[in-house]
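The next block holds one structure in the form of structure tokens; read it before the comments.
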Amino acid sequence: MASVLGLVKRIYTAFHPPASISTESQPIKFGILGAAAIAPPALIGPASNHPEAIVYAVAARDEGRATAYAKKHGIPKVYGGANGYQELLNDPEVDAIYNPLPNGLHYEWTMKALAAGKHVLLEKPSADTAEETRLMFELAERKGLVLLEAFHYRFHPAIQRVKVIIDSGELGAIKSIETNLAIPKGLIKDGDIRYDYSLGGGALMDMGCYTLNCIRYLSGSNPVEVLSASYEGYKPPSAPLDFTPNVDRRTTATLSLPNNVIATLTCDLGIPYRYGIIPNMPQINAIVRCEGGDIELFNFVMPTLYHSITVQSKDGTGGVKTRTEKVYKFAELQEPDMNDEEWWTTYRYQLEAFINKLKDRKPQTWLDKEDSVANIEWIEKIYAKGGLGSRPKSTYVP
Ligand SMILES: NC(=O)C1=CN([C@@H]2O[C@H](COP(=O)(O)OP(=O)(O)OC[C@H]3O[C@@H](n4cnc5c(N)ncnc54)[C@H](OP(=O)(O)O)[C@@H]3O)[C@@H](O)[C@H]2O)C=CC1
Ligand SMILES: O=C1OC[C@@H](O)[C@H](O)[C@H]1O
């Protein structure tokens, strides 16, 4: 009973965090490009609880939409219309940009934000191509600005605990890794940006970028080769019979990693119903099989809601010992300096790191240029192997 109440309280507080108490430190003022659905959980809510973060401005292509969004979320400054995004970038009050535009616009607007002298928290996947990602990070370096690809799950103690167990050698060498992020049909509607090739859509871009990132993070390596890749295409309801899909609704790929490790990823934006009527459960897990046992993290993407780490270790006499761990805050990992709470979402942890970086304090964890470039590079290689090819390169010339 107590644990059910704890779960309800944790989830409620994650989405209704207590307001922060202001400090002497000058807050970082954020501007958001686009009235995006992800901004409230990913930035607006977490910032309301961070003493050094303020969501100061939002821009949307439609002025009315921008105004309504600003009113709903208590954002003081609004930019709307055809020049709204650039006007927001030109605002000297804005220190940092949150870029949750469709993937195909990440490169253009991150380059423009950096050119305007703003730090950028950039939604995943960083861009449509590795070349664009490299150029964004190079510009950030030249300008002395912070650029972070928002792989929020990496900032949470749950995934970090799994990595610690693997790296401790308790389970021996890794043999294989499997990561899955798949949700039932109907949650992502037709017409969504994720199904639009011209905007950088596709399951591998949207959900697959996490599954690939997780394989790379847990193995501590980049793939050596894409052994196989296959996809199921997305067909809009109005598609003619001879329609050729250019967006993957689902992708599966097998990768070879150093030391003969084999990794498999699966991502799906809409698993079809069983028998046409029964929805499937979401699949959100990472399983690492090692010489001396296996470890599975259930729900590596939204661990605050609920997660479990199951460790099965061979005892040497043919038996298997199983234990389950849950890690909702860093204090449980003997990292009390974090001052976190078990209701902190992955986004709240991510914001903590981003602000620390901007304030020249050491973030608990960070993702660098090499990490982001490698992720999109291998997404492109998987698309190439599967036959769909990379998403379209941006036409924007800085
Ligand atoms: N970190 C995470 O957990 C998540 C990350 N994401 C990432 O965030 C990004 C946005 O996703 P999401 O919030 O779901 O998407 P939305 O469709 O809700 O938001 C995208 C925004 O992009 C703007 N936009 C500008 N040009 C276009 C265009 N040509 N077509 C459509 N929209 C346009 C729109 O802003 P305007 O208001 O100006 O019209 C819109 O608000 C993606 O990169 C996605 O991968 C998404 C969900 C979860
Ligand atoms: O980043 C994301 O995480 C959660 C998914 O449901 C969503 O489609 C994706 O964009």
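Chain labels follow the order of the structure tokens: the first chain is A, the next B, and so on; residue numbering restarts at 1 in every chain, and ligands are counted from 1 in their shown order.
Taking only C-alpha atoms and all ligand atoms into account, every polymer residue with at least one atom at most 7 Å away from ligand 1 is listed here: Leu33, Gly34, Ala35, Ala36, Ala37, Ile38, Ala39, Ala42, Ala59, Ala60, Arg61, Asp62, Arg65, Ala66, Pro100, Leu101, Pro102, Asn103, Glu123, Lys124, Pro125, Ala150, Phe151, His152, Asp192, Ile193, Leu199 and Asp206 of chain A.
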Backbone-only DSSP, alpha helix (DSSP H) members of stretch 120-297 of chain A, as a PyMOL selection string: chain A and resi 130-143+157-168+203+209-219
Pull N, CA, C and O atoms from the residues just selected and write them as a compact mmCIF listing (two decimals), in the first residue's frame.
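Here's the written file part.txt:
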```txt
# COMPACT_ATOMS: atom_id res chain seq x y z
N ALA A 130 24.91 13.44 -39.79
CA ALA A 130 26.06 13.59 -38.88
C ALA A 130 26.86 14.83 -39.25
O ALA A 130 27.44 15.50 -38.38
N GLU A 131 26.90 15.14 -40.54
CA GLU A 131 27.64 16.32 -40.98
C GLU A 131 27.04 17.59 -40.36
O GLU A 131 27.76 18.48 -39.88
N GLU A 132 25.71 17.66 -40.33
CA GLU A 132 25.05 18.83 -39.72
C GLU A 132 25.35 18.90 -38.23
O GLU A 132 25.60 19.98 -37.68
N THR A 133 25.33 17.76 -37.58
CA THR A 133 25.61 17.73 -36.13
C THR A 133 27.03 18.22 -35.86
O THR A 133 27.27 19.02 -34.97
N ARG A 134 27.96 17.74 -36.68
CA ARG A 134 29.36 18.17 -36.52
C ARG A 134 29.46 19.69 -36.67
O ARG A 134 30.10 20.37 -35.86
N LEU A 135 28.79 20.23 -37.68
CA LEU A 135 28.86 21.69 -37.93
C LEU A 135 28.27 22.49 -36.77
O LEU A 135 28.80 23.54 -36.39
N MET A 136 27.18 21.99 -36.20
CA MET A 136 26.58 22.70 -35.05
C MET A 136 27.55 22.74 -33.88
O MET A 136 27.74 23.78 -33.26
N PHE A 137 28.15 21.61 -33.58
CA PHE A 137 29.08 21.57 -32.44
C PHE A 137 30.33 22.40 -32.71
O PHE A 137 30.86 23.04 -31.80
N GLU A 138 30.77 22.40 -33.96
CA GLU A 138 31.96 23.22 -34.28
C GLU A 138 31.64 24.69 -34.08
O GLU A 138 32.47 25.45 -33.56
N LEU A 139 30.45 25.10 -34.48
CA LEU A 139 30.08 26.52 -34.30
C LEU A 139 29.98 26.84 -32.81
O LEU A 139 30.45 27.89 -32.35
N ALA A 140 29.37 25.93 -32.06
CA ALA A 140 29.26 26.16 -30.61
C ALA A 140 30.65 26.31 -29.98
O ALA A 140 30.89 27.21 -29.16
N GLU A 141 31.57 25.46 -30.41
CA GLU A 141 32.95 25.54 -29.87
C GLU A 141 33.58 26.88 -30.22
O GLU A 141 34.17 27.54 -29.36
N ARG A 142 33.45 27.27 -31.50
CA ARG A 142 34.05 28.54 -31.93
C ARG A 142 33.49 29.72 -31.14
O ARG A 142 34.19 30.66 -30.84
N LYS A 143 32.20 29.65 -30.83
CA LYS A 143 31.55 30.77 -30.15
C LYS A 143 31.62 30.64 -28.62
O LYS A 143 31.13 31.50 -27.90
N PRO A 157 19.50 8.51 -12.47
CA PRO A 157 20.33 7.51 -11.78
C PRO A 157 20.04 6.06 -12.20
O PRO A 157 20.93 5.20 -12.06
N ALA A 158 18.85 5.75 -12.72
CA ALA A 158 18.53 4.35 -13.04
C ALA A 158 19.45 3.80 -14.12
O ALA A 158 20.06 2.73 -13.96
N ILE A 159 19.57 4.52 -15.23
CA ILE A 159 20.43 4.02 -16.32
C ILE A 159 21.89 4.03 -15.87
O ILE A 159 22.68 3.14 -16.22
N GLN A 160 22.23 5.02 -15.04
CA GLN A 160 23.62 5.10 -14.58
C GLN A 160 23.96 3.94 -13.65
O GLN A 160 25.08 3.44 -13.63
N ARG A 161 22.98 3.51 -12.88
CA ARG A 161 23.18 2.35 -11.99
C ARG A 161 23.44 1.08 -12.83
O ARG A 161 24.31 0.27 -12.51
N VAL A 162 22.69 0.93 -13.92
CA VAL A 162 22.89 -0.23 -14.79
C VAL A 162 24.32 -0.23 -15.34
O VAL A 162 25.01 -1.25 -15.35
N LYS A 163 24.74 0.94 -15.76
CA LYS A 163 26.11 1.07 -16.32
C LYS A 163 27.16 0.72 -15.25
O LYS A 163 28.14 0.04 -15.54
N VAL A 164 26.91 1.18 -14.02
CA VAL A 164 27.86 0.88 -12.93
C VAL A 164 27.94 -0.63 -12.69
O VAL A 164 29.03 -1.19 -12.53
N ILE A 165 26.79 -1.30 -12.70
CA ILE A 165 26.79 -2.75 -12.48
C ILE A 165 27.55 -3.45 -13.61
O ILE A 165 28.39 -4.33 -13.36
N ILE A 166 27.29 -3.04 -14.84
CA ILE A 166 28.00 -3.67 -15.97
C ILE A 166 29.50 -3.42 -15.86
O ILE A 166 30.31 -4.35 -15.96
N ASP A 167 29.87 -2.17 -15.60
CA ASP A 167 31.30 -1.82 -15.56
C ASP A 167 32.01 -2.41 -14.35
O ASP A 167 33.24 -2.53 -14.35
N SER A 168 31.25 -2.79 -13.32
CA SER A 168 31.88 -3.36 -12.12
C SER A 168 32.47 -4.74 -12.40
O SER A 168 33.28 -5.25 -11.64
N ALA A 203 10.69 6.20 -37.39
CA ALA A 203 10.82 5.56 -36.06
C ALA A 203 12.26 5.55 -35.58
O ALA A 203 12.54 5.75 -34.40
N CYS A 209 16.64 6.58 -31.98
CA CYS A 209 17.85 7.30 -31.54
C CYS A 209 18.14 6.97 -30.07
O CYS A 209 19.30 6.92 -29.67
N TYR A 210 17.09 6.72 -29.26
CA TYR A 210 17.32 6.32 -27.86
C TYR A 210 17.89 4.90 -27.80
O TYR A 210 18.80 4.62 -27.02
N THR A 211 17.29 4.00 -28.58
CA THR A 211 17.72 2.60 -28.48
C THR A 211 19.19 2.46 -28.90
O THR A 211 19.95 1.71 -28.29
N LEU A 212 19.57 3.21 -29.93
CA LEU A 212 20.96 3.19 -30.37
C LEU A 212 21.87 3.84 -29.33
O LEU A 212 22.93 3.31 -28.98
N ASN A 213 21.43 4.99 -28.81
CA ASN A 213 22.23 5.69 -27.82
C ASN A 213 22.47 4.81 -26.59
O ASN A 213 23.57 4.76 -26.03
N CYS A 214 21.43 4.08 -26.21
CA CYS A 214 21.51 3.22 -25.03
C CYS A 214 22.49 2.07 -25.25
O CYS A 214 23.28 1.73 -24.36
N ILE A 215 22.47 1.51 -26.44
CA ILE A 215 23.44 0.44 -26.78
C ILE A 215 24.86 1.01 -26.69
O ILE A 215 25.77 0.41 -26.10
N ARG A 216 25.05 2.18 -27.25
CA ARG A 216 26.39 2.79 -27.27
C ARG A 216 26.84 3.14 -25.85
O ARG A 216 27.99 2.97 -25.47
N TYR A 217 25.89 3.64 -25.04
CA TYR A 217 26.23 4.03 -23.67
C TYR A 217 26.57 2.81 -22.81
O TYR A 217 27.61 2.78 -22.14
N LEU A 218 25.70 1.81 -22.83
CA LEU A 218 25.92 0.66 -21.94
C LEU A 218 27.14 -0.16 -22.35
O LEU A 218 27.83 -0.73 -21.51
N SER A 219 27.41 -0.22 -23.65
CA SER A 219 28.59 -0.98 -24.10
C SER A 219 29.86 -0.15 -24.00
O SER A 219 30.97 -0.69 -24.06
```
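Shortest separation to A:Ala374 among A:Cys267, A:Val327, A:Ala127, A:Ala182 occurs at residue A:Ala127, atoms counted being only C-alpha atoms.
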Surrounding residues of stretch 245-259 of chain A excluding itself and chain neighbours under 4 positions, 6 Å, only C-alpha atoms, as number ranges by chain: A: 197, 202-203, 223-234, 263-269
Dump as a short mmCIF file (atom, residue, chain, number, x, y, z; two decimals), in the first residue's frame, selection limited to N, CA and C atoms:
```cif
data_model
loop_
_atom_site.label_atom_id
_atom_site.label_comp_id
_atom_site.auth_asym_id
_atom_site.auth_seq_id
_atom_site.Cartn_x
_atom_site.Cartn_y
_atom_site.Cartn_z
N TYR A 197 8.65 12.71 -43.81
CA TYR A 197 10.05 12.55 -44.26
C TYR A 197 10.75 13.89 -44.40
N GLY A 202 10.45 9.44 -38.91
CA GLY A 202 10.83 8.04 -38.96
C GLY A 202 11.01 7.49 -37.56
N ALA A 203 10.69 6.20 -37.39
CA ALA A 203 10.82 5.56 -36.06
C ALA A 203 12.26 5.55 -35.58
N PRO A 223 29.29 1.08 -32.65
CA PRO A 223 29.24 -0.14 -33.48
C PRO A 223 30.43 -0.21 -34.43
N VAL A 224 30.67 -1.41 -34.90
CA VAL A 224 31.70 -1.62 -35.91
C VAL A 224 31.03 -1.74 -37.28
N GLU A 225 29.85 -2.37 -37.27
CA GLU A 225 29.16 -2.63 -38.54
C GLU A 225 27.66 -2.82 -38.30
N VAL A 226 26.86 -2.41 -39.28
CA VAL A 226 25.43 -2.75 -39.23
C VAL A 226 25.30 -4.09 -39.94
N LEU A 227 24.97 -5.14 -39.20
CA LEU A 227 24.90 -6.47 -39.81
C LEU A 227 23.62 -6.64 -40.61
N SER A 228 22.51 -6.10 -40.07
CA SER A 228 21.26 -6.18 -40.82
C SER A 228 20.34 -5.06 -40.34
N ALA A 229 19.45 -4.64 -41.21
CA ALA A 229 18.45 -3.63 -40.83
C ALA A 229 17.23 -3.82 -41.70
N SER A 230 16.07 -3.77 -41.09
CA SER A 230 14.84 -3.88 -41.87
C SER A 230 13.80 -2.94 -41.29
N TYR A 231 12.86 -2.56 -42.11
CA TYR A 231 11.85 -1.61 -41.64
C TYR A 231 10.46 -1.98 -42.16
N GLU A 232 9.45 -1.47 -41.46
CA GLU A 232 8.08 -1.49 -41.98
C GLU A 232 7.72 -0.04 -42.24
N GLY A 233 7.29 0.25 -43.45
CA GLY A 233 7.04 1.64 -43.83
C GLY A 233 5.73 2.15 -43.27
N TYR A 234 5.67 3.48 -43.10
CA TYR A 234 4.42 4.12 -42.68
C TYR A 234 3.62 4.48 -43.93
N ALA A 263 24.48 -6.43 -30.90
CA ALA A 263 23.39 -5.61 -30.34
C ALA A 263 22.23 -5.57 -31.31
N THR A 264 21.02 -5.59 -30.75
CA THR A 264 19.81 -5.51 -31.57
C THR A 264 18.93 -4.40 -31.03
N LEU A 265 18.45 -3.56 -31.92
CA LEU A 265 17.51 -2.51 -31.50
C LEU A 265 16.21 -2.64 -32.28
N THR A 266 15.12 -2.31 -31.60
CA THR A 266 13.81 -2.28 -32.25
C THR A 266 13.09 -1.01 -31.81
N CYS A 267 12.52 -0.31 -32.76
CA CYS A 267 11.72 0.88 -32.42
C CYS A 267 10.47 0.86 -33.28
N ASP A 268 9.37 1.32 -32.71
CA ASP A 268 8.10 1.26 -33.45
C ASP A 268 7.20 2.40 -32.98
N LEU A 269 6.72 3.19 -33.91
CA LEU A 269 5.84 4.32 -33.58
C LEU A 269 4.39 3.89 -33.44
#
```
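Distance annotation: of A:Gln283, A:Ser221, A:Thr365, A:Thr345, the residue with the minimal separation from A:His16 is A:Thr345; atom set is only C-alpha atoms.
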Residues of stretch 94-311 of chain A in strand (DSSP E or B), written as an MDAnalysis selection string: chainID A and resid 96:99 119:122 147:149 174:184 225:233 248:257 261:271 274 278 283:290 293:298 308:311
Mind dumping the selected residues with C-alpha atoms as a PDB file, in the first residue's frame?
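Done, and the output landed in part09.pdb:
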```
ATOM      1  CA  ALA A  96      19.597  29.955 -23.903  1.00  0.00           C
ATOM      2  CA  ILE A  97      17.362  28.450 -26.552  1.00  0.00           C
ATOM      3  CA  TYR A  98      15.335  25.278 -26.250  1.00  0.00           C
ATOM      4  CA  ASN A  99      14.951  23.850 -29.754  1.00  0.00           C
ATOM      5  CA  HIS A 119      23.428  28.436 -25.703  1.00  0.00           C
ATOM      6  CA  VAL A 120      21.206  25.636 -27.029  1.00  0.00           C
ATOM      7  CA  LEU A 121      19.371  22.730 -25.459  1.00  0.00           C
ATOM      8  CA  LEU A 122      18.565  20.783 -28.616  1.00  0.00           C
ATOM      9  CA  LEU A 147      25.176  22.845 -26.988  1.00  0.00           C
ATOM     10  CA  LEU A 148      23.522  19.732 -25.598  1.00  0.00           C
ATOM     11  CA  GLU A 149      21.481  17.067 -27.384  1.00  0.00           C
ATOM     12  CA  ILE A 174      29.058  -8.357 -22.321  1.00  0.00           C
ATOM     13  CA  LYS A 175      27.896 -10.875 -24.931  1.00  0.00           C
ATOM     14  CA  SER A 176      24.845  -9.113 -26.359  1.00  0.00           C
ATOM     15  CA  ILE A 177      22.576  -6.108 -25.877  1.00  0.00           C
ATOM     16  CA  GLU A 178      18.942  -5.660 -26.854  1.00  0.00           C
ATOM     17  CA  THR A 179      17.064  -2.357 -26.635  1.00  0.00           C
ATOM     18  CA  ASN A 180      13.393  -1.784 -27.444  1.00  0.00           C
ATOM     19  CA  LEU A 181      11.250   1.323 -27.632  1.00  0.00           C
ATOM     20  CA  ALA A 182       7.908   0.588 -29.219  1.00  0.00           C
ATOM     21  CA  ILE A 183       4.447   1.949 -28.525  1.00  0.00           C
ATOM     22  CA  PRO A 184       1.003   0.769 -29.637  1.00  0.00           C
ATOM     23  CA  GLU A 225      29.161  -2.627 -38.544  1.00  0.00           C
ATOM     24  CA  VAL A 226      25.428  -2.745 -39.229  1.00  0.00           C
ATOM     25  CA  LEU A 227      24.898  -6.474 -39.806  1.00  0.00           C
ATOM     26  CA  SER A 228      21.255  -6.179 -40.816  1.00  0.00           C
ATOM     27  CA  ALA A 229      18.455  -3.628 -40.825  1.00  0.00           C
ATOM     28  CA  SER A 230      14.843  -3.881 -41.871  1.00  0.00           C
ATOM     29  CA  TYR A 231      11.847  -1.613 -41.645  1.00  0.00           C
ATOM     30  CA  GLU A 232       8.079  -1.487 -41.981  1.00  0.00           C
ATOM     31  CA  GLY A 233       7.037   1.643 -43.830  1.00  0.00           C
ATOM     32  CA  ASP A 248       9.792   3.821 -41.215  1.00  0.00           C
ATOM     33  CA  ARG A 249       7.000   3.114 -38.744  1.00  0.00           C
ATOM     34  CA  ARG A 250       9.206   0.375 -37.311  1.00  0.00           C
ATOM     35  CA  THR A 251      12.886  -0.446 -37.642  1.00  0.00           C
ATOM     36  CA  THR A 252      14.929  -3.380 -36.382  1.00  0.00           C
ATOM     37  CA  ALA A 253      18.695  -3.493 -36.716  1.00  0.00           C
ATOM     38  CA  THR A 254      21.491  -5.794 -35.630  1.00  0.00           C
ATOM     39  CA  LEU A 255      24.898  -4.285 -35.001  1.00  0.00           C
ATOM     40  CA  SER A 256      28.278  -5.756 -34.324  1.00  0.00           C
ATOM     41  CA  LEU A 257      30.276  -4.051 -31.570  1.00  0.00           C
ATOM     42  CA  VAL A 261      29.293  -8.135 -28.879  1.00  0.00           C
ATOM     43  CA  ILE A 262      26.068  -8.263 -30.894  1.00  0.00           C
ATOM     44  CA  ALA A 263      23.390  -5.608 -30.340  1.00  0.00           C
ATOM     45  CA  THR A 264      19.812  -5.511 -31.567  1.00  0.00           C
ATOM     46  CA  LEU A 265      17.508  -2.512 -31.502  1.00  0.00           C
ATOM     47  CA  THR A 266      13.812  -2.276 -32.253  1.00  0.00           C
ATOM     48  CA  CYS A 267      11.721   0.880 -32.420  1.00  0.00           C
ATOM     49  CA  ASP A 268       8.102   1.258 -33.446  1.00  0.00           C
ATOM     50  CA  LEU A 269       5.842   4.324 -33.579  1.00  0.00           C
ATOM     51  CA  GLY A 270       2.694   2.221 -33.688  1.00  0.00           C
ATOM     52  CA  ILE A 271       2.672  -1.535 -33.087  1.00  0.00           C
ATOM     53  CA  ARG A 274      -3.290  -8.051 -32.310  1.00  0.00           C
ATOM     54  CA  ILE A 278      -6.127  -5.816 -29.076  1.00  0.00           C
ATOM     55  CA  GLN A 283       8.060  -2.147 -24.997  1.00  0.00           C
ATOM     56  CA  ILE A 284      10.653   0.063 -23.327  1.00  0.00           C
ATOM     57  CA  ASN A 285      13.615  -1.932 -22.089  1.00  0.00           C
ATOM     58  CA  ALA A 286      17.307  -2.611 -22.333  1.00  0.00           C
ATOM     59  CA  ILE A 287      18.714  -6.108 -21.739  1.00  0.00           C
ATOM     60  CA  VAL A 288      22.418  -6.799 -21.467  1.00  0.00           C
ATOM     61  CA  ARG A 289      23.507 -10.440 -21.519  1.00  0.00           C
ATOM     62  CA  CYS A 290      26.928 -11.100 -20.045  1.00  0.00           C
ATOM     63  CA  GLY A 293      24.450 -13.302 -16.049  1.00  0.00           C
ATOM     64  CA  ASP A 294      21.974 -10.774 -17.424  1.00  0.00           C
ATOM     65  CA  ILE A 295      20.725  -7.345 -16.472  1.00  0.00           C
ATOM     66  CA  GLU A 296      17.505  -5.725 -17.655  1.00  0.00           C
ATOM     67  CA  LEU A 297      16.283  -2.178 -17.160  1.00  0.00           C
ATOM     68  CA  PHE A 298      12.568  -1.936 -17.705  1.00  0.00           C
ATOM     69  CA  SER A 308      13.009  -1.905 -12.404  1.00  0.00           C
ATOM     70  CA  ILE A 309      16.528  -3.215 -12.741  1.00  0.00           C
ATOM     71  CA  THR A 310      16.615  -7.016 -12.713  1.00  0.00           C
ATOM     72  CA  VAL A 311      19.990  -8.676 -12.218  1.00  0.00           C
TER      73      VAL A 311
END
```
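With only C-alpha atoms as the atoms that count, the residue of A:Tyr195, A:Phe243, A:Tyr56, A:Phe330 with the shortest distance to A:Ile44 is A:Tyr56.
Distances to ligand 2 were evaluated for A:Pro17, A:Gly276, A:Gly169, A:Pro41 using only C-alpha atoms and all ligand atoms, and the minimum falls at A:Pro41.
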